[in-house]
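Enquirer: One file is attached below, coords.cif, containing mmCIF, C-alpha atoms.
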```
data_coords
#
loop_
_atom_site.group_PDB
_atom_site.id
_atom_site.type_symbol
_atom_site.label_atom_id
_atom_site.label_comp_id
_atom_site.auth_asym_id
_atom_site.auth_seq_id
_atom_site.Cartn_x
_atom_site.Cartn_y
_atom_site.Cartn_z
ATOM 1 C CA MET A 326 64.747 33.285 -3.238
ATOM 2 C CA LEU A 327 64.414 31.555 -6.607
ATOM 3 C CA ASP A 328 63.912 33.821 -9.609
ATOM 4 C CA PHE A 329 60.641 32.694 -11.230
ATOM 5 C CA GLN A 330 61.287 35.084 -14.116
ATOM 6 C CA LYS A 331 63.920 32.633 -15.331
ATOM 7 C CA ILE A 332 61.342 29.843 -15.768
ATOM 8 C CA THR A 333 61.256 28.629 -19.364
ATOM 9 C CA THR A 334 58.068 27.724 -21.193
ATOM 10 C CA TYR A 335 57.279 26.065 -24.512
ATOM 11 C CA PRO A 336 54.500 26.374 -27.137
ATOM 12 C CA ILE A 337 51.301 24.465 -26.458
ATOM 13 C CA SER A 338 51.414 23.165 -30.042
ATOM 14 C CA GLN A 339 54.325 20.942 -28.981
ATOM 15 C CA ARG A 340 52.425 19.244 -26.151
ATOM 16 C CA GLN A 341 50.698 15.900 -26.480
ATOM 17 C CA ASN A 342 47.244 15.843 -24.881
ATOM 18 C CA LYS A 343 45.135 12.977 -23.590
ATOM 19 C CA PHE A 344 41.714 14.634 -24.122
ATOM 20 C CA GLN A 345 40.233 15.996 -27.355
ATOM 21 C CA LEU A 346 36.895 17.471 -28.380
ATOM 22 C CA LYS A 347 35.911 14.162 -29.969
ATOM 23 C CA ASP A 348 35.925 12.720 -26.448
ATOM 24 C CA MET A 349 33.091 15.020 -25.344
ATOM 25 C CA ILE A 350 29.928 13.130 -24.411
ATOM 26 C CA PRO A 351 27.154 14.237 -26.820
ATOM 27 C CA LEU A 352 23.721 15.330 -25.655
ATOM 28 C CA ASP A 353 22.058 12.362 -27.379
ATOM 29 C CA ASN A 354 24.267 9.772 -25.673
ATOM 30 C CA GLN A 355 22.703 6.583 -24.332
ATOM 31 C CA ARG A 356 24.829 6.282 -21.174
ATOM 32 C CA GLN A 357 22.671 5.566 -18.149
ATOM 33 C CA ILE A 358 23.198 3.809 -14.863
ATOM 34 C CA ASP A 359 20.608 2.461 -12.434
ATOM 35 C CA ASP A 360 21.260 4.367 -9.200
ATOM 36 C CA ASP A 361 18.452 5.176 -6.769
ATOM 37 C CA ASN A 362 20.456 7.957 -5.125
ATOM 38 C CA LEU A 363 21.008 9.611 -8.483
ATOM 39 C CA GLN A 364 17.293 9.515 -9.211
ATOM 40 C CA GLN A 365 16.644 11.147 -5.830
ATOM 41 C CA VAL A 366 19.149 13.901 -6.639
ATOM 42 C CA ALA A 367 17.408 14.597 -9.947
ATOM 43 C CA ALA A 368 14.038 14.718 -8.192
ATOM 44 C CA ALA A 369 15.439 17.177 -5.631
ATOM 45 C CA ILE A 370 16.752 19.457 -8.387
ATOM 46 C CA LEU A 371 13.396 19.422 -10.143
ATOM 47 C CA ALA A 372 11.604 20.182 -6.879
ATOM 48 C CA SER A 373 14.023 23.040 -6.131
ATOM 49 C CA LYS A 374 13.503 24.627 -9.529
ATOM 50 C CA LYS A 375 9.731 24.227 -9.263
ATOM 51 C CA GLN A 376 9.680 26.313 -6.081
ATOM 52 C CA GLY A 377 12.209 28.844 -7.377
ATOM 53 C CA ALA A 378 15.099 27.748 -5.146
ATOM 54 C CA LYS A 379 18.767 27.744 -6.172
ATOM 55 C CA VAL A 380 20.716 24.810 -7.575
ATOM 56 C CA MET A 381 24.483 25.043 -7.192
ATOM 57 C CA ILE A 382 27.037 22.672 -8.685
ATOM 58 C CA MET A 383 30.686 22.432 -7.625
ATOM 59 C CA LEU A 384 33.159 20.792 -10.013
ATOM 60 C CA GLY A 385 36.644 19.303 -9.973
ATOM 61 C CA GLY A 386 38.915 19.111 -13.001
ATOM 62 C CA ALA A 387 38.188 15.474 -13.824
ATOM 63 C CA VAL A 388 34.661 16.442 -14.867
ATOM 64 C CA VAL A 389 36.015 18.295 -17.910
ATOM 65 C CA LYS A 390 38.530 15.553 -18.713
ATOM 66 C CA THR A 391 35.806 12.911 -18.714
ATOM 67 C CA GLY A 392 33.921 14.865 -21.378
ATOM 68 C CA CYS A 393 30.940 16.185 -19.421
ATOM 69 C CA SER A 394 31.079 19.885 -20.372
ATOM 70 C CA LEU A 395 28.453 19.825 -23.126
ATOM 71 C CA LEU A 396 25.974 18.110 -20.800
ATOM 72 C CA LEU A 397 26.521 20.706 -18.079
ATOM 73 C CA ILE A 398 26.278 23.566 -20.566
ATOM 74 C CA ASP A 399 22.937 22.161 -21.743
ATOM 75 C CA LEU A 400 21.685 22.027 -18.137
ATOM 76 C CA MET A 401 22.820 25.635 -17.672
ATOM 77 C CA GLN A 402 20.968 26.708 -20.799
ATOM 78 C CA LYS A 403 17.821 24.864 -19.708
ATOM 79 C CA GLY A 404 17.837 26.678 -16.335
ATOM 80 C CA PHE A 405 18.752 23.766 -14.064
ATOM 81 C CA ILE A 406 21.940 25.375 -12.719
ATOM 82 C CA ASP A 407 22.096 28.740 -10.934
ATOM 83 C CA HIS A 408 25.756 28.794 -9.898
ATOM 84 C CA LEU A 409 28.889 26.889 -10.947
ATOM 85 C CA ALA A 410 31.781 26.794 -8.469
ATOM 86 C CA VAL A 411 34.995 25.157 -9.654
ATOM 87 C CA ASN A 412 38.618 24.635 -8.689
ATOM 88 C CA GLY A 413 41.567 26.027 -10.612
ATOM 89 C CA ALA A 414 42.033 22.860 -12.655
ATOM 90 C CA VAL A 415 38.597 23.311 -14.238
ATOM 91 C CA SER A 416 39.507 26.815 -15.406
ATOM 92 C CA ILE A 417 42.688 25.481 -17.023
ATOM 93 C CA HIS A 418 41.167 22.465 -18.773
ATOM 94 C CA ASP A 419 38.141 24.492 -19.887
ATOM 95 C CA PHE A 420 40.325 27.295 -21.280
ATOM 96 C CA GLU A 421 42.556 24.859 -23.171
ATOM 97 C CA VAL A 422 39.537 23.147 -24.692
ATOM 98 C CA ALA A 423 38.289 26.546 -25.889
ATOM 99 C CA LEU A 424 41.757 27.430 -27.199
ATOM 100 C CA ILE A 425 42.934 24.243 -28.972
ATOM 101 C CA GLY A 426 40.121 21.703 -28.546
ATOM 102 C CA GLU A 427 42.389 19.562 -26.363
ATOM 103 C CA THR A 428 43.705 19.363 -22.790
ATOM 104 C CA SER A 429 45.294 17.061 -20.171
ATOM 105 C CA GLU A 430 49.013 16.484 -20.517
ATOM 106 C CA ASP A 431 51.214 13.551 -19.447
ATOM 107 C CA VAL A 432 52.258 14.675 -15.964
ATOM 108 C CA GLU A 433 54.847 11.982 -15.304
ATOM 109 C CA ARG A 434 56.686 12.669 -18.556
ATOM 110 C CA GLY A 435 56.755 16.400 -17.833
ATOM 111 C CA LEU A 436 58.188 15.906 -14.349
ATOM 112 C CA GLU A 437 61.268 14.217 -15.751
ATOM 113 C CA ASP A 438 62.499 17.256 -17.670
ATOM 114 C CA GLY A 439 60.725 20.071 -15.786
ATOM 115 C CA THR A 440 58.227 20.810 -18.556
ATOM 116 C CA PHE A 441 55.053 19.773 -16.714
ATOM 117 C CA GLY A 442 52.600 22.669 -16.818
ATOM 118 C CA MET A 443 55.070 24.930 -18.618
ATOM 119 C CA VAL A 444 53.132 25.648 -21.815
ATOM 120 C CA GLU A 445 53.334 29.320 -22.690
ATOM 121 C CA GLU A 446 49.850 30.133 -23.939
ATOM 122 C CA THR A 447 47.809 28.669 -21.068
ATOM 123 C CA GLY A 448 49.857 30.387 -18.375
ATOM 124 C CA ARG A 449 50.199 33.727 -20.126
ATOM 125 C CA MET A 450 46.600 34.094 -21.296
ATOM 126 C CA LEU A 451 44.955 32.959 -18.065
ATOM 127 C CA ASN A 452 47.229 35.108 -15.932
ATOM 128 C CA GLU A 453 46.439 38.059 -18.186
ATOM 129 C CA ALA A 454 42.728 37.387 -17.633
ATOM 130 C CA ILE A 455 43.176 37.196 -13.860
ATOM 131 C CA ILE A 456 45.213 40.412 -13.732
ATOM 132 C CA ASP A 457 42.611 42.194 -15.882
ATOM 133 C CA GLY A 458 39.888 40.926 -13.564
ATOM 134 C CA TYR A 459 41.781 42.118 -10.505
ATOM 135 C CA ARG A 460 42.188 45.590 -11.963
ATOM 136 C CA SER A 461 38.519 45.845 -12.902
ATOM 137 C CA GLY A 462 37.220 44.371 -9.629
ATOM 138 C CA THR A 463 35.687 41.236 -11.149
ATOM 139 C CA GLY A 464 36.127 37.661 -10.015
ATOM 140 C CA TYR A 465 38.401 34.971 -11.438
ATOM 141 C CA GLY A 466 35.590 33.065 -13.150
ATOM 142 C CA GLU A 467 34.036 36.061 -14.863
ATOM 143 C CA ALA A 468 37.483 37.236 -15.971
ATOM 144 C CA VAL A 469 38.246 33.906 -17.648
ATOM 145 C CA GLY A 470 34.873 33.792 -19.403
ATOM 146 C CA LYS A 471 35.361 37.332 -20.704
ATOM 147 C CA LYS A 472 38.877 36.479 -21.899
ATOM 148 C CA ILE A 473 37.579 33.541 -23.926
ATOM 149 C CA ALA A 474 34.926 35.796 -25.461
ATOM 150 C CA ASP A 475 37.307 38.683 -26.159
ATOM 151 C CA LEU A 476 39.800 36.372 -27.855
ATOM 152 C CA ASP A 477 36.959 34.693 -29.743
ATOM 153 C CA LEU A 478 38.599 31.321 -29.134
ATOM 154 C CA PRO A 479 37.730 28.744 -31.818
ATOM 155 C CA TYR A 480 36.100 26.168 -29.522
ATOM 156 C CA LYS A 481 34.399 28.562 -27.105
ATOM 157 C CA SER A 482 31.022 26.845 -27.566
ATOM 158 C CA ALA A 483 32.385 23.906 -25.526
ATOM 159 C CA SER A 484 33.517 26.176 -22.657
ATOM 160 C CA LEU A 485 31.696 26.258 -19.320
ATOM 161 C CA PHE A 486 33.174 29.694 -18.600
ATOM 162 C CA TYR A 487 32.223 31.274 -21.906
ATOM 163 C CA ASN A 488 28.657 29.987 -21.706
ATOM 164 C CA ALA A 489 28.232 30.951 -18.048
ATOM 165 C CA VAL A 490 29.357 34.539 -18.664
ATOM 166 C CA LYS A 491 27.239 34.711 -21.823
ATOM 167 C CA MET A 492 24.191 33.728 -19.742
ATOM 168 C CA ASN A 493 25.180 36.006 -16.830
ATOM 169 C CA LEU A 494 25.403 32.905 -14.618
ATOM 170 C CA PRO A 495 27.781 33.062 -11.643
ATOM 171 C CA ILE A 496 30.878 30.896 -12.210
ATOM 172 C CA THR A 497 33.421 31.126 -9.403
ATOM 173 C CA VAL A 498 36.944 29.719 -9.079
ATOM 174 C CA HIS A 499 38.399 28.679 -5.723
ATOM 175 C CA VAL A 500 42.140 28.069 -5.727
ATOM 176 C CA ALA A 501 44.998 27.081 -3.453
ATOM 177 C CA VAL A 502 48.038 29.205 -4.351
ATOM 178 C CA GLY A 503 50.676 26.974 -5.913
ATOM 179 C CA GLY A 504 48.155 24.280 -6.765
ATOM 180 C CA ASP A 505 47.692 24.997 -10.478
ATOM 181 C CA ILE A 506 50.062 25.017 -13.435
ATOM 182 C CA ILE A 507 49.455 28.687 -14.247
ATOM 183 C CA HIS A 508 51.024 29.559 -10.870
ATOM 184 C CA GLN A 509 54.302 28.253 -12.310
ATOM 185 C CA HIS A 510 54.246 30.768 -15.152
ATOM 186 C CA PRO A 511 56.474 33.868 -14.893
ATOM 187 C CA THR A 512 53.456 36.149 -15.425
ATOM 188 C CA CYS A 513 51.552 34.881 -12.377
ATOM 189 C CA ASP A 514 50.597 37.714 -10.010
ATOM 190 C CA GLY A 515 49.880 36.534 -6.473
ATOM 191 C CA ALA A 516 47.871 39.608 -5.527
ATOM 192 C CA ALA A 517 45.660 39.262 -8.617
ATOM 193 C CA LEU A 518 45.225 35.546 -8.029
ATOM 194 C CA GLY A 519 44.226 36.027 -4.413
ATOM 195 C CA GLY A 520 42.066 39.074 -5.080
ATOM 196 C CA THR A 521 39.992 37.522 -7.854
ATOM 197 C CA SER A 522 39.544 34.188 -6.089
ATOM 198 C CA TYR A 523 38.532 35.984 -2.890
ATOM 199 C CA ARG A 524 35.996 37.999 -4.875
ATOM 200 C CA ASP A 525 34.633 34.677 -6.122
ATOM 201 C CA PHE A 526 34.434 33.383 -2.546
ATOM 202 C CA GLN A 527 32.265 36.398 -1.696
ATOM 203 C CA ILE A 528 30.021 35.622 -4.690
ATOM 204 C CA LEU A 529 29.833 31.969 -3.606
ATOM 205 C CA THR A 530 28.850 32.988 -0.084
ATOM 206 C CA GLU A 531 26.047 35.183 -1.373
ATOM 207 C CA SER A 532 24.660 32.273 -3.393
ATOM 208 C CA VAL A 533 24.923 29.927 -0.407
ATOM 209 C CA SER A 534 23.029 32.448 1.724
ATOM 210 C CA LYS A 535 20.058 31.888 -0.643
ATOM 211 C CA LEU A 536 20.316 28.089 -0.748
ATOM 212 C CA ALA A 537 17.407 27.259 1.600
ATOM 213 C CA GLY A 538 15.101 24.775 -0.124
ATOM 214 C CA GLY A 539 17.567 24.322 -2.967
ATOM 215 C CA ALA A 540 20.232 21.800 -3.899
ATOM 216 C CA LEU A 541 24.019 21.703 -3.913
ATOM 217 C CA LEU A 542 26.044 19.061 -5.758
ATOM 218 C CA ASN A 543 29.764 18.433 -5.407
ATOM 219 C CA ILE A 544 31.108 16.568 -8.432
ATOM 220 C CA GLY A 545 34.727 15.494 -8.223
ATOM 221 C CA SER A 546 36.291 17.976 -5.803
ATOM 222 C CA ALA A 547 37.958 16.252 -2.862
ATOM 223 C CA VAL A 548 39.249 19.284 -0.926
ATOM 224 C CA ASN A 549 38.935 22.866 -2.235
ATOM 225 C CA LEU A 550 35.221 23.072 -2.968
ATOM 226 C CA PRO A 551 33.950 21.185 0.112
ATOM 227 C CA GLU A 552 36.078 23.478 2.283
ATOM 228 C CA ALA A 553 34.975 26.652 0.473
ATOM 229 C CA PHE A 554 31.340 25.584 0.854
ATOM 230 C CA LEU A 555 31.770 24.919 4.586
ATOM 231 C CA LYS A 556 33.185 28.404 5.161
ATOM 232 C CA ALA A 557 30.583 30.076 2.941
ATOM 233 C CA LEU A 558 27.767 28.318 4.805
ATOM 234 C CA THR A 559 29.259 29.332 8.159
ATOM 235 C CA ILE A 560 29.469 32.988 7.111
ATOM 236 C CA ALA A 561 25.889 32.937 5.817
ATOM 237 C CA ARG A 562 24.584 31.547 9.094
ATOM 238 C CA ASN A 563 26.801 33.910 11.109
ATOM 239 C CA LEU A 564 25.106 36.768 9.250
ATOM 240 C CA ARG A 565 21.743 35.314 10.306
ATOM 241 C CA PHE A 566 20.638 33.840 6.985
ATOM 242 C CA ASP A 567 18.480 30.833 7.864
ATOM 243 C CA VAL A 568 20.121 28.462 5.391
ATOM 244 C CA ARG A 569 18.725 25.013 6.111
ATOM 245 C CA GLU A 570 16.634 22.192 4.677
ATOM 246 C CA PHE A 571 18.349 21.984 1.315
ATOM 247 C CA THR A 572 19.588 18.909 -0.551
ATOM 248 C CA THR A 573 23.250 18.008 -0.905
ATOM 249 C CA ALA A 574 24.924 15.336 -3.013
ATOM 250 C CA ASN A 575 28.468 14.153 -3.535
ATOM 251 C CA PHE A 576 29.479 12.530 -6.826
ATOM 252 C CA ASP A 577 32.836 10.736 -6.917
ATOM 253 C CA PHE A 578 34.697 7.491 -7.465
ATOM 254 C CA PHE A 579 35.763 7.048 -3.822
ATOM 255 C CA ASP A 580 34.592 7.836 -0.317
ATOM 256 C CA MET A 581 36.662 10.803 0.897
ATOM 257 C CA TYR A 582 36.624 12.457 4.310
ATOM 258 C CA ARG A 583 36.037 16.096 3.420
ATOM 259 C CA PRO A 584 33.198 15.630 0.907
ATOM 260 C CA ARG A 585 31.545 13.085 3.218
ATOM 261 C CA THR A 586 31.632 15.325 6.282
ATOM 262 C CA ARG A 587 31.154 18.754 4.640
ATOM 263 C CA LEU A 588 28.548 17.692 2.098
ATOM 264 C CA LEU A 589 26.775 14.684 3.578
ATOM 265 C CA GLU A 590 27.080 14.335 7.360
ATOM 266 C CA TRP A 591 27.249 17.847 8.802
ATOM 267 C CA PRO A 592 24.487 19.463 6.678
ATOM 268 C CA ARG A 593 22.044 16.899 8.066
ATOM 269 C CA LYS A 594 22.222 18.845 11.345
ATOM 270 C CA LEU A 595 20.508 21.677 9.452
ATOM 271 C CA GLY A 596 17.670 19.458 8.285
ATOM 272 C CA CYS A 597 19.288 18.713 4.937
ATOM 273 C CA VAL A 598 18.835 15.554 2.886
ATOM 274 C CA ALA A 599 22.132 14.175 1.566
ATOM 275 C CA TRP A 600 22.857 11.683 -1.210
ATOM 276 C CA ASP A 601 26.062 9.841 -2.060
ATOM 277 C CA VAL A 602 26.509 8.989 -5.757
ATOM 278 C CA ARG A 603 29.452 6.641 -6.278
ATOM 279 C CA ALA A 604 30.164 6.269 -9.993
ATOM 280 C CA ASP A 605 32.338 7.375 -12.886
ATOM 281 C CA HIS A 606 31.479 10.969 -13.877
ATOM 282 C CA ALA A 607 31.162 9.783 -17.484
ATOM 283 C CA ASP A 608 28.206 7.678 -16.306
ATOM 284 C CA SER A 609 26.643 9.698 -13.482
ATOM 285 C CA ILE A 610 26.462 13.079 -15.238
ATOM 286 C CA PRO A 611 24.881 11.733 -18.461
ATOM 287 C CA THR A 612 22.359 9.866 -16.320
ATOM 288 C CA LEU A 613 21.556 13.003 -14.295
ATOM 289 C CA HIS A 614 21.192 14.952 -17.546
ATOM 290 C CA HIS A 615 18.772 12.344 -18.896
ATOM 291 C CA HIS A 616 16.644 12.397 -15.713
ATOM 292 C CA LEU A 617 16.369 16.195 -15.810
ATOM 293 C CA VAL A 618 15.776 16.939 -19.494
ATOM 294 C CA ARG A 619 13.154 14.229 -20.039
ATOM 295 C CA PHE A 620 10.636 16.240 -17.974
#
```
In structure tokens, write the structure found in this file.
Expert:
Amino acid sequence: MLDFQKITTYPISQRQNKFQLKDMIPLDNQRQIDDDNLQQVAAAILASKKQGAKVMIMLGGAVVKTGCSLLLIDLMQKGFIDHLAVNGAVSIHDFEVALIGETSEDVERGLEDGTFGMVEETGRMLNEAIIDGYRSGTGYGEAVGKKIADLDLPYKSASLFYNAVKMNLPITVHVAVGGDIIHQHPTCDGAALGGTSYRDFQILTESVSKLAGGALLNIGSAVNLPEAFLKALTIARNLRFDVREFTTANFDFFDMYRPRTRLLEWPRKLGCVAWDVRADHADSIPTLHHHLVRF
């Protein structure tokens, strides 16, 4: 068995990043696209909130790297989002933005010399947060948000996790072990990783059990979040929660099998209305934000 304790890391200050805070899309941006499906999604969210139903949003890592965090934080603060579910990449990019105001390394360059994902601070601090969360019985998402707050990171205002925990809004992280760079770090604890992410799956399932009449959006997750949602919905219905007749939407660049089946095709059997939004996140999310906040 390889000895992961011999893995070498390097300071994050030495890494070149492709995304900086200046790349964040501001709230007063003028980006809008003409998409009927997107308008229908916005209308469904407004209708859900009017009747007191839940709105859940699932995110992949590209959403942070395309600069959409401030828009989503504003929607959280305005009460349009009741639960954020994300993959491990979101937690990493969001934490690095809070820590240094930058994120997103050159993967190909790092593969050549074995330095990809090997920055010290990201791996050590996030694994510390996860281990602390495991010991205290909290989920991965809450643990990361609390870590950002406890460290008083300089750019925490741009963090989805910090703002979600500050507002007592559920933010859950759903990982595949070995799929994220912090799993490469010598401090990674498999039991803590699994325990906190499983706790988050339980929190996700509880939210899904209350989704009737609400809306669920998947933005940029091709595998982890569609699968987690499918299992959460199955558990909720197995436990006799009548979860049906809600709205689903999938936002992405391409048509992919899992989001299409899990989010669009199969929920229709439960009386759901499903919308496919095919656009760059840097265009679709600002447009959705505009449709919602203008009311």
Enquirer: Run the PyMOL selection byres ((chain A and resi 374) around 12) against the file shown and list the residues it catches, as a ChimeraX atom specification.
Expert: /A:367-373,375-381,403-407,536,538-540,617
Enquirer: Tell me which of A:Ala537, A:Val411, A:Leu352, A:Leu363 sits closest to His499 of chain A, counting only C-alpha atoms.
Expert: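 Checking each candidate against His499 of chain A, we get A:Val411 as the closest.
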Enquirer: Can you give me, as a count of residues only, the residues this file yields under the PyMOL selection byres ((chain A and resi 486) around 10)?
Expert: 31
Enquirer: Using the chain letters and residue numbers of this document, give as a ChimeraX atom specification the residues selected by the PyMOL selection byres ((chain A and resi 608) around 12).
Expert: /A:350,354-360,363,388,391-393,396,576-578,602-607,609-615
Enquirer: I want to know what sits within 9 Å of Gly462 of chain A, based on all atoms listed in the file, with residues of the same chain fewer than 4 positions away left out; could you give that as an MDAnalysis selection string?
Expert: chainID A and resid 457:458 520:521 524
Enquirer: Keeping only C-alpha atoms, write the selected residues to a file as a PDB file, in the frame of the given file.
Expert:
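Output (out-v3.pdb):
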```
ATOM      1  CA  ASP A 457      42.611  42.194 -15.882  1.00  0.00           C
ATOM      2  CA  GLY A 458      39.888  40.926 -13.564  1.00  0.00           C
ATOM      3  CA  GLY A 520      42.066  39.074  -5.080  1.00  0.00           C
ATOM      4  CA  THR A 521      39.992  37.522  -7.854  1.00  0.00           C
ATOM      5  CA  ARG A 524      35.996  37.999  -4.875  1.00  0.00           C
TER       6      ARG A 524
END
```
Enquirer: How big is the axis-aligned box, and where does its centre sit, when it encloses all atoms of segment 499-514 of chain A listed in the file and has 8 Å added on every side, reported in Å to one decimal as lines of an AutoDock Vina configuration file?
Expert:
```
center_x = 47.4
center_y = 31.0
center_z = -9.4
size_x = 34.1
size_y = 29.4
size_z = 28.0
```
Enquirer: Would you work out the distance separating atom CA of Ile506 of chain A from atom CA of Ala547 of chain A, expressed in Å to one decimal?
Expert: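 If I compute the distance from atom CA of Ile506 of chain A to atom CA of Ala547 of chain A, I get 18.3 Å.
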Enquirer: So how many Å separate atom CA of Ala501 of chain A and atom CA of Ile455 of chain A, to one decimal?
Expert: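 Going from atom CA of Ala501 of chain A over to atom CA of Ile455 of chain A, I get 14.6 Å.
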Enquirer: Counting all atoms listed in the file, figure out which residue out of A:Lys390, A:Lys556, A:Arg460, A:Arg585 gets nearest to Ala516 of chain A.
Expert: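 Of all the options, A:Arg460 lies closest to Ala516 of chain A.
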Enquirer: Atom CA of Ala387 of chain A and atom CA of Thr559 of chain A, how far apart in Å?
Expert: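 Distance reported for this atom pair: 27.5 Å.
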Enquirer: Restricting the calculation to all atoms listed in the file, which member of A:Ala517, A:Val366, A:Ile560, A:Ala414 is positioned closest to Ala599 of chain A?
Expert: A:Val366
Enquirer: Rank nothing, just name the residue among A:His508, A:His408, A:Arg340, A:Lys594 nearest to Glu430 of chain A, using all atoms listed in the file.
Expert: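 Nearest to Glu430 of chain A: A:Arg340.
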Enquirer: For each of A:Leu550, A:Phe579, A:Asn493, A:Gly464, take the minimum atom-to-atom distance to Tyr523 of chain A, counting all atoms listed in the file, then give the residue where this is smallest.
Expert: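 Looking at the shortest contact to Tyr523 of chain A, the residue is A:Gly464.
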Enquirer: For Ser338 of chain A, which residue among A:Val444, A:Arg565, A:Pro511, A:Asn412 is the nearest when counting all atoms listed in the file?
Expert: A:Val444
Enquirer: Need to verify the contact set: Val533 of chain A, 8 Å, all atoms listed in the file, exclusion of same-chain residues closer than 4 positions in sequence. Can you return it as a JSON list (two decimals) with C-alpha atoms, in the coordinates of the input?
Expert:
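result-v7.json written:
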```json
[["chain", "number", "residue", "atom", "x", "y", "z"],
["A", 529, "LEU", "CA", 29.83, 31.97, -3.61],
["A", 554, "PHE", "CA", 31.34, 25.58, 0.85],
["A", 557, "ALA", "CA", 30.58, 30.08, 2.94],
["A", 558, "LEU", "CA", 27.77, 28.32, 4.80],
["A", 561, "ALA", "CA", 25.89, 32.94, 5.82],
["A", 568, "VAL", "CA", 20.12, 28.46, 5.39]]
```
